[in-house]
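Asker: A single structure is presented below for examination.
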There are 2 protein chains.
Amino acid sequence: MTMTERTPTYAYEDFTIGSEWSLGSKTVTTAEIIDFASQFDPQPFHLDEAAGKASILGGLAASGWHTVSMFMRMMCDAYLLDSPSQGAPGVDFVRWKHPVLAGDILTGKTTILDQRASKSKPSLGFVKMHHDVFNQNGTLVCELEHTAMFAKRETVQA
Amino acid sequence: MTMTERTPTYAYEDFTIGSEWSLGSKTVTTAEIIDFASQFDPQPFHLDEAAGKASILGGLAASGWHTVSMFMRMMCDAYLLDSPSQGAPGVDFVRWKHPVLAGDILTGKTTILDQRASKSKPSLGFVKMHHDVFNQNGTLVCELEHTAMFAKRETVQA
């Protein structure tokens, strides 16, 4: 059932309500902002320093979808790739609170809001998560919530 | 105030309640799925055909964040880049309804749910949008809602 060759460190049972999970840091480069925007969100303030400075964003700013994608990688590296993750059906909300600019260093944390076993699939459980992403000044740049699915430990170790 | 050199075709006033906006098609390639996943979501079912086939996704499947990023580009090309878009504060929800697999051809549409002028910034208005993304079989693969900000026509033409 698991996607990894070995038994992952974390399973459904580890994501206890109220627990906090630190996300590692990610430095945002100009090249990455422009590369993502060129592919997916070619609005001038995501492509050009002068256009970014002239906009309400105040500088060359990452697409909001780039910010959540960088967050996804931070979550993968922090715990998801070392868990029997079964994906997620969606996202409850995303709030982009503050521009993410070239040179910013992102960090973050996940707080577990709820945990419940699946009734229809006894091997699985649902974990509701709140995520905060901060810049190097401690300013909240993005917050989002989603419910993730994980296999239970007994399933992973079988 | 606008981000474009010329007067855009669309302004806040054009996004009338109930109007529908078609999004052009996008073919999803294996290389793009793997490239996005390698950067942002390196879970095995997004990186490897065999792991995708073995998972509930049923094949090499795009990261959900890749799907919404491709949707963002479709929205840019359909109307956003030809409008005085002022960005968006967030997303109300995203639901990934069906896997997006290599070779899929995505299309979509935007339906305007609400339109209201800003009270604090008379030059702007808010437009609440529902977006549906379909594959080549007409299956809904993703839906999301968000509120976008646009400049009013009088501002753009000033």
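Going by the structure tokens order, chains are called A, B, ..., each with residues numbered from 1, while ligands are numbered from 1 in the order shown.
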Could you list, as number ranges by chain, every residue within 10 Å of B:Trp96, counting only C-alpha atoms and ignoring same-chain residues fewer than 6 positions away?
Answerer: A: 88-91; B: 63-65, 67-68, 133, 140-144
Asker: Restricting the output to C-alpha atoms, write the selected residues as a tab-separated table (two decimals), in the first residue's frame.
Answerer:
chain	number	residue	atom	x	y	z
A	88	ALA	CA	-5.65	14.98	-0.73
A	89	PRO	CA	-9.06	15.68	-2.27
A	90	GLY	CA	-8.58	19.44	-2.28
A	91	VAL	CA	-7.80	22.59	-0.33
B	63	SER	CA	0.39	17.12	-8.94
B	64	GLY	CA	-2.80	18.89	-7.91
B	65	TRP	CA	-0.75	22.09	-7.69
B	67	THR	CA	-3.21	21.19	-12.35
B	68	VAL	CA	-4.19	24.50	-10.76
B	133	VAL	CA	-11.51	22.24	-15.54
B	140	LEU	CA	-14.53	17.39	-14.32
B	141	VAL	CA	-10.96	17.09	-13.02
B	142	CYS	CA	-10.79	20.21	-10.84
B	143	GLU	CA	-13.02	23.00	-9.63
B	144	LEU	CA	-12.13	26.08	-7.65
Asker: Which of stretch 28-102 of chain A counts as helix (DSSP H, G or I) under DSSP, as a PyMOL selection string please?
Answerer: chain A and resi 30-40+44-47+49-54+64-78+80-82
Asker: Sorted by chain and rising residue number, list the residues of chain B at most 10 Å from chain A (counting only C-alpha atoms), each with its closest atom pair and distance in Å to one decimal, as a tab-separated table.
Answerer:
residue	atom	partner	partner_atom	distance
B:Met1	CA	A:Ser55	CA	8.2
B:Thr2	CA	A:Ser55	CA	8.8
B:Met3	CA	A:Pro44	CA	6.5
B:Thr4	CA	A:Pro44	CA	7.9
B:Phe36	CA	A:Ser69	CA	9.2
B:Ala37	CA	A:Arg73	CA	9.0
B:Ser38	CA	A:Arg73	CA	9.2
B:Gln39	CA	A:Arg73	CA	7.3
B:Phe40	CA	A:Arg73	CA	4.6
B:Asp41	CA	A:Arg73	CA	5.5
B:Pro42	CA	A:Cys76	CA	7.3
B:Gln43	CA	A:Leu81	CA	6.6
B:Pro44	CA	A:Met3	CA	6.5
B:Phe45	CA	A:Met3	CA	7.9
B:Ala51	CA	A:Met3	CA	7.3
B:Gly52	CA	A:Met3	CA	9.5
B:Ala54	CA	A:Met3	CA	8.7
B:Ser55	CA	A:Met3	CA	7.9
B:Ile56	CA	A:Gln86	CA	8.3
B:Leu57	CA	A:Gly87	CA	9.5
B:Ser63	CA	A:Gly87	CA	9.4
B:Gly64	CA	A:Gly90	CA	8.1
B:Trp65	CA	A:Ser69	CA	6.2
B:His66	CA	A:Ser69	CA	8.1
B:Val68	CA	A:Trp65	CA	7.7
B:Ser69	CA	A:Phe40	CA	5.6
B:Met70	CA	A:Phe40	CA	6.0
B:Phe71	CA	A:Phe40	CA	8.1
B:Met72	CA	A:Phe40	CA	6.1
B:Arg73	CA	A:Phe40	CA	4.6
B:Met74	CA	A:Phe40	CA	8.3
B:Met75	CA	A:Asp41	CA	8.9
B:Cys76	CA	A:Asp41	CA	6.7
B:Asp77	CA	A:Pro42	CA	9.1
B:Leu80	CA	A:Gln43	CA	8.4
B:Leu81	CA	A:Gln43	CA	6.6
B:Ser85	CA	A:Gln43	CA	8.7
B:Gln86	CA	A:Ile56	CA	8.3
B:Gly87	CA	A:Gly64	CA	9.1
B:Ala88	CA	A:Trp96	CA	8.0
B:Pro89	CA	A:Trp96	CA	5.4
B:Gly90	CA	A:Arg95	CA	4.2
B:Val91	CA	A:Val94	CA	5.0
B:Asp92	CA	A:Phe93	CA	4.9
B:Phe93	CA	A:Phe93	CA	4.8
B:Val94	CA	A:Val91	CA	5.0
B:Arg95	CA	A:Gly90	CA	4.2
B:Trp96	CA	A:Gly90	CA	5.3
B:Lys97	CA	A:Pro89	CA	7.0
B:His98	CA	A:Pro89	CA	9.1
B:Cys142	CA	A:Gly90	CA	8.9
B:Glu143	CA	A:Gly90	CA	9.3
B:Leu144	CA	A:Val91	CA	9.2
B:Glu145	CA	A:Phe93	CA	9.5
B:His146	CA	A:Phe93	CA	9.4
Asker: Report, in Å to a single decimal, how far apart atom CA of B:Ser83 and atom CA of A:Leu47 are.
Answerer: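 Atom CA of B:Ser83 lies at a distance of 16.7 Å from atom CA of A:Leu47.
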Asker: Please provide the set of residues having any atom within 6 Å of B:Ala151, restricted to only C-alpha atoms, with same-chain residues fewer than 3 positions apart removed, written as a PyMOL selection string.
Answerer: chain B and resi 12+84+123-124
Asker: Using the selection just defined, write its residues with all heavy atoms as a CSV table (one decimal), in the first residue's frame.
Answerer:
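part06.csv was written with the following content:
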chain,number,residue,atom,x,y,z
B,12,TYR,N,-13.4,45.6,-15.2
B,12,TYR,CA,-14.3,45.1,-14.1
B,12,TYR,C,-15.8,44.9,-14.6
B,12,TYR,O,-16.4,43.9,-14.4
B,12,TYR,CB,-14.3,46.1,-12.9
B,12,TYR,CG,-15.4,45.9,-12.0
B,12,TYR,CD1,-15.5,44.8,-11.1
B,12,TYR,CD2,-16.4,46.9,-11.9
B,12,TYR,CE1,-16.5,44.6,-10.3
B,12,TYR,CE2,-17.5,46.7,-11.0
B,12,TYR,CZ,-17.6,45.6,-10.2
B,12,TYR,OH,-18.6,45.5,-9.4
B,84,PRO,N,-7.3,44.6,-16.7
B,84,PRO,CA,-6.6,45.3,-15.7
B,84,PRO,C,-6.6,44.5,-14.4
B,84,PRO,O,-7.1,45.0,-13.4
B,84,PRO,CB,-7.3,46.6,-15.6
B,84,PRO,CG,-8.7,46.3,-16.0
B,84,PRO,CD,-8.7,45.2,-16.9
B,123,SER,N,-11.7,52.9,-7.6
B,123,SER,CA,-11.2,52.5,-9.0
B,123,SER,C,-11.3,51.0,-9.2
B,123,SER,O,-11.1,50.6,-10.3
B,123,SER,CB,-9.8,53.0,-9.1
B,123,SER,OG,-9.0,52.3,-8.2
B,124,LEU,N,-11.6,50.2,-8.2
B,124,LEU,CA,-11.5,48.8,-8.2
B,124,LEU,C,-12.9,48.1,-8.0
B,124,LEU,O,-13.8,48.7,-7.4
B,124,LEU,CB,-10.6,48.2,-7.2
B,124,LEU,CG,-9.1,48.4,-7.3
B,124,LEU,CD1,-8.4,47.6,-6.1
B,124,LEU,CD2,-8.6,47.8,-8.6
Asker: With only C-alpha atoms as the counted atoms, please give the residues lying no more than 6 Å from A:Leu23, apart from itself and same-chain residues fewer than 6 positions off, as JSON, numbers by chain.
Answerer: {"A": [74, 78, 107, 108, 109]}
Asker: So how many Å separate atom CA of B:Ala102 and atom CA of A:Lys152, to one decimal?
Answerer: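 Spanning atom CA of B:Ala102 to atom CA of A:Lys152 is a straight-line distance of 29.8 Å.
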Asker: Restricting the calculation to only C-alpha atoms, which member of B:His46, B:Lys53, B:Arg116, B:His131 is positioned closest to B:Ser22?
Answerer: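 Checking each candidate against B:Ser22, we get B:His131 as the closest.
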Asker: Could you find all residues in chain A that DSSP calls strand (DSSP E) from the backbone, and write them as a ChimeraX atom specification?
Answerer: /A:20-27,90-91,93-96,105-117,124-134,140-151
Asker: With C-alpha atoms retained, could you export that selection as a PDB file, in the first residue's frame?
Answerer:
ATOM      1  CA  GLU A  20       3.102  21.200  15.167  1.00  0.00           C
ATOM      2  CA  TRP A  21       5.430  20.262  12.313  1.00  0.00           C
ATOM      3  CA  SER A  22       8.230  22.611  11.258  1.00  0.00           C
ATOM      4  CA  LEU A  23       8.902  23.166   7.584  1.00  0.00           C
ATOM      5  CA  GLY A  24      12.483  23.787   6.429  1.00  0.00           C
ATOM      6  CA  SER A  25      13.562  26.995   4.740  1.00  0.00           C
ATOM      7  CA  LYS A  26      13.451  27.850   1.052  1.00  0.00           C
ATOM      8  CA  THR A  27      15.217  30.804  -0.576  1.00  0.00           C
ATOM      9  CA  GLY A  90      -8.581  19.442  -2.276  1.00  0.00           C
ATOM     10  CA  VAL A  91      -7.797  22.590  -0.330  1.00  0.00           C
ATOM     11  CA  PHE A  93      -8.729  27.791   1.400  1.00  0.00           C
ATOM     12  CA  VAL A  94      -5.564  29.653   0.488  1.00  0.00           C
ATOM     13  CA  ARG A  95      -4.885  33.212   1.663  1.00  0.00           C
ATOM     14  CA  TRP A  96      -2.001  35.155   0.167  1.00  0.00           C
ATOM     15  CA  ILE A 105      13.592  33.087   2.670  1.00  0.00           C
ATOM     16  CA  LEU A 106      10.449  31.117   3.423  1.00  0.00           C
ATOM     17  CA  THR A 107       9.843  28.926   6.463  1.00  0.00           C
ATOM     18  CA  GLY A 108       6.638  27.511   7.834  1.00  0.00           C
ATOM     19  CA  LYS A 109       4.765  25.197  10.098  1.00  0.00           C
ATOM     20  CA  THR A 110       1.858  22.794   9.968  1.00  0.00           C
ATOM     21  CA  THR A 111      -0.611  22.570  12.865  1.00  0.00           C
ATOM     22  CA  ILE A 112      -2.913  19.551  13.074  1.00  0.00           C
ATOM     23  CA  LEU A 113      -6.537  20.632  13.522  1.00  0.00           C
ATOM     24  CA  ASP A 114      -8.341  17.305  13.364  1.00  0.00           C
ATOM     25  CA  GLN A 115      -7.716  13.591  12.929  1.00  0.00           C
ATOM     26  CA  ARG A 116     -10.307  10.934  12.173  1.00  0.00           C
ATOM     27  CA  ALA A 117     -10.323   7.389  10.871  1.00  0.00           C
ATOM     28  CA  LEU A 124      -6.865   5.087   6.114  1.00  0.00           C
ATOM     29  CA  GLY A 125      -7.349   8.216   8.157  1.00  0.00           C
ATOM     30  CA  PHE A 126      -8.005  11.874   7.435  1.00  0.00           C
ATOM     31  CA  VAL A 127      -5.857  14.637   8.929  1.00  0.00           C
ATOM     32  CA  LYS A 128      -7.000  18.257   8.757  1.00  0.00           C
ATOM     33  CA  MET A 129      -4.032  20.619   8.618  1.00  0.00           C
ATOM     34  CA  HIS A 130      -3.470  24.354   8.920  1.00  0.00           C
ATOM     35  CA  HIS A 131      -0.287  25.651   7.295  1.00  0.00           C
ATOM     36  CA  ASP A 132       1.486  28.983   7.853  1.00  0.00           C
ATOM     37  CA  VAL A 133       4.289  30.215   5.589  1.00  0.00           C
ATOM     38  CA  PHE A 134       6.492  33.064   6.825  1.00  0.00           C
ATOM     39  CA  LEU A 140       2.950  35.615   7.420  1.00  0.00           C
ATOM     40  CA  VAL A 141       2.962  35.468   3.613  1.00  0.00           C
ATOM     41  CA  CYS A 142       0.474  32.648   3.055  1.00  0.00           C
ATOM     42  CA  GLU A 143      -1.840  30.407   5.027  1.00  0.00           C
ATOM     43  CA  LEU A 144      -3.897  27.479   3.863  1.00  0.00           C
ATOM     44  CA  GLU A 145      -5.852  24.499   5.161  1.00  0.00           C
ATOM     45  CA  HIS A 146      -6.432  21.106   3.682  1.00  0.00           C
ATOM     46  CA  THR A 147      -7.307  17.567   4.680  1.00  0.00           C
ATOM     47  CA  ALA A 148      -4.733  14.915   3.839  1.00  0.00           C
ATOM     48  CA  MET A 149      -5.146  11.124   3.746  1.00  0.00           C
ATOM     49  CA  PHE A 150      -2.602   8.802   5.362  1.00  0.00           C
ATOM     50  CA  ALA A 151      -2.410   5.046   5.800  1.00  0.00           C
TER      51      ALA A 151
END
Asker: Work out how far atom CA of A:Ile34 is from atom CA of B:Val156, in Å to one decimal.
Answerer: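 So the answer is 25.9 Å.
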